[in-house]
Amino acid sequence: MSRPSAVNGSNRPSRRSDWAVRAWLLVAVASAGVFVAFYLGLGPKALTVTARFDGLIDTAGRPYSSLETTARYKLVAYGYTACPDACPATLTKLHAVLDTLSADSAPLTPMFITLDPGHDTIKVLAAYVHHFDPRIVGLTGDLGRLQQSAAQLGALPTETAAAHTPDGGPNHAVRLYLLSPQNVLLRTYELADPTRLIASDIHRRLAPIR
């Protein structure tokens with residue numbers, strides 16, 4: 001009896017194809033890992049901090065302490081109205097997150113806190129936040145209190161970074177801060193983070209209180 005003929009090498013998957021499949025699988029697993037890490041809040045975390053907004057006022061002149069925010073989560077951004085690009089991008093992102101959350105944003109107070117109270121009068125600040133989204137609460141106050149609030153959340157530059165931006169405005173971190181009703185920092189979001197992932201993460205955190 002004759003032996004079966006050897007398998008023709010041309011019918012075997014090439015090594016190049018095999019590596020292409022493996023590479024594709026690695027990319028898929030890595031992408032899934034990024035999604036899971038984002039959703040679960042894994043990776044480097046800031047130390048647990050509690051922000052304080054006492055002494056600040058909104059664009060109607062009301063002190064923060066009189067606002068009904070005790071039972072609400074907050075999504076906070078810092079900046080200044082004369083900022084040429086970073087702050088408009090941040091508030092555009094904030095607006096997009098609120099729109100994506102839609103009705104689910106009810107237990108959430110979006111806030112924009114100025115770091116340039118000398119220029120950002122109540123009138124200027126009110127017009128600015130309203131331009132991006134009337135749901136955003138603008139806060140201002142004494143410069144020292146504003147900086148203290150920003151420093152607590154890590155929004156001010158480190159000692160080695162410049163205190164001002166090239167346009168002369170106050171330097172600050174460009175991100176969103178999610179706070180619990182007790183003002184405990186839960187999560188920070190970068191502008192590069194996908195809007196839907198941010199909204200999904202916030203939705204998951206708000207679900208137990210709805």
# chains A, B, ... in the order shown; residues from 1 in each chain; ligands from 1

call {"tool": "select_by_dssp", "arguments": {"residues": "region 48-178 of chain A", "states": "alpha helix (DSSP H)", "output": "JSON, numbers by chain"}}
result
{"A": [86, 87, 88, 89, 90, 91, 92, 93, 94, 95, 96, 97, 98, 99, 100, 101, 122, 123, 124, 125, 126, 127, 128, 129, 130, 131, 132, 143, 144, 145, 146, 147, 148, 149, 150, 151, 152]}

call {"tool": "closest_atom_pairs", "arguments": {"of": "region 87-152 of chain A", "to": "region 168-182 of chain A", "cutoff": "8 Å", "atoms": "only C-alpha atoms", "output": "JSON lines"}}
result
{"residue": "A:Cys87", "atom": "CA", "partner": "A:Val174", "partner_atom": "CA", "distance": 7.4}
{"residue": "A:Thr90", "atom": "CA", "partner": "A:Arg175", "partner_atom": "CA", "distance": 6.8}
{"residue": "A:Leu94", "atom": "CA", "partner": "A:Leu176", "partner_atom": "CA", "distance": 7.7}
{"residue": "A:Leu115", "atom": "CA", "partner": "A:Pro170", "partner_atom": "CA", "distance": 6.6}
{"residue": "A:Asp116", "atom": "CA", "partner": "A:Pro170", "partner_atom": "CA", "distance": 7.0}

call {"tool": "residues_around", "arguments": {"residues": "region 52-66 of chain A", "least_positions_apart": "3", "cutoff": "12 Å", "atoms": "only C-alpha atoms", "output": "compact mmCIF listing (two decimals) with C-alpha atoms, in the first residue's frame"}}
result
# COMPACT_ATOMS: atom_id res chain seq x y z
CA VAL A 49 -9.55 64.19 47.84
CA THR A 69 -26.03 70.49 45.11
CA THR A 70 -25.69 68.42 48.30
CA LYS A 74 -20.83 67.29 39.92
CA VAL A 76 -16.42 70.16 37.01
CA MET A 111 -19.87 73.38 36.68
CA PHE A 112 -17.30 75.68 35.10
CA ILE A 113 -15.08 77.47 37.64
CA THR A 114 -13.07 80.46 36.48
CA LEU A 115 -9.46 81.00 37.51
CA PRO A 117 -12.01 86.45 38.38
CA ASP A 120 -14.43 87.04 34.32
CA THR A 121 -17.11 89.17 35.92
CA ILE A 122 -20.46 87.56 36.71
CA LYS A 123 -21.87 89.00 33.48
CA VAL A 124 -18.98 87.77 31.33
CA LEU A 125 -18.99 84.32 32.94
CA ALA A 126 -22.77 83.96 32.61
CA ALA A 127 -22.68 84.71 28.89
CA TYR A 128 -19.75 82.36 28.39
CA VAL A 129 -21.21 79.24 30.01
CA HIS A 130 -24.65 79.91 28.51
CA PRO A 134 -27.35 76.77 29.77
CA ILE A 136 -23.64 74.61 33.12
CA VAL A 137 -23.29 76.49 36.43
CA GLY A 138 -20.58 79.16 36.31
CA LEU A 139 -18.74 79.84 39.59
CA THR A 140 -16.41 82.67 40.53
CA GLY A 141 -15.19 84.37 43.70
CA ASP A 142 -12.03 85.45 45.44
CA LEU A 143 -8.89 84.36 43.53
CA GLY A 144 -7.43 82.66 46.59
CA ARG A 145 -10.53 80.53 47.12
CA LEU A 146 -10.72 79.65 43.42
CA GLN A 147 -7.09 78.56 43.38
CA GLN A 148 -7.54 76.58 46.59
CA SER A 149 -10.46 74.71 45.05
CA ALA A 150 -8.45 73.96 41.89
CA ALA A 151 -5.38 72.90 43.87
CA GLN A 152 -7.41 70.39 45.87
CA LEU A 153 -8.36 68.60 42.65
CA LEU A 179 -17.32 64.48 42.13
CA PRO A 181 -22.54 64.43 46.21
CA GLN A 182 -20.07 64.83 49.11
CA ASN A 183 -17.58 66.45 46.70
CA VAL A 184 -15.20 63.48 46.79
CA LEU A 185 -13.20 63.13 43.56

call {"tool": "atom_distance", "arguments": {"atom1": "CA of Ile202 (chain A)", "atom2": "CA of Ala96 (chain A)"}}
result
13.0 Å

call {"tool": "atom_distance", "arguments": {"atom1": "CA of Asp201 (chain A)", "atom2": "CA of His95 (chain A)"}}
result
15.9 Å

call {"tool": "atom_distance", "arguments": {"atom1": "CA of Pro110 (chain A)", "atom2": "CA of Leu75 (chain A)"}}
result
4.7 Å

call {"tool": "residues_around", "arguments": {"residues": "Leu206 (chain A)", "least_positions_apart": "4", "cutoff": "9 Å", "atoms": "only C-alpha atoms", "output": "ChimeraX atom specification"}}
result
/A:73,104-105,107-108,201-202,210

call {"tool": "write_last_selection", "arguments": {"atoms": "C-alpha atoms", "output": "mmCIF file, in the first residue's frame"}}
result
data_model
loop_
_atom_site.group_PDB
_atom_site.id
_atom_site.type_symbol
_atom_site.label_atom_id
_atom_site.label_comp_id
_atom_site.auth_asym_id
_atom_site.auth_seq_id
_atom_site.Cartn_x
_atom_site.Cartn_y
_atom_site.Cartn_z
ATOM 1 C CA TYR A 73 -22.953 64.581 41.570
ATOM 2 C CA ASP A 104 -29.761 60.487 32.804
ATOM 3 C CA SER A 105 -27.946 63.750 33.632
ATOM 4 C CA PRO A 107 -28.731 63.999 39.248
ATOM 5 C CA LEU A 108 -25.633 65.736 37.836
ATOM 6 C CA ASP A 201 -19.014 55.665 33.080
ATOM 7 C CA ILE A 202 -21.069 58.491 34.620
ATOM 8 C CA ARG A 210 -31.976 57.169 40.101
#

call {"tool": "select_by_dssp", "arguments": {"residues": "region 37-185 of chain A", "states": "strand (DSSP E)", "output": "PyMOL selection string"}}
result
chain A and resi 57-58+73-79+108-114+137-140+175-179+185
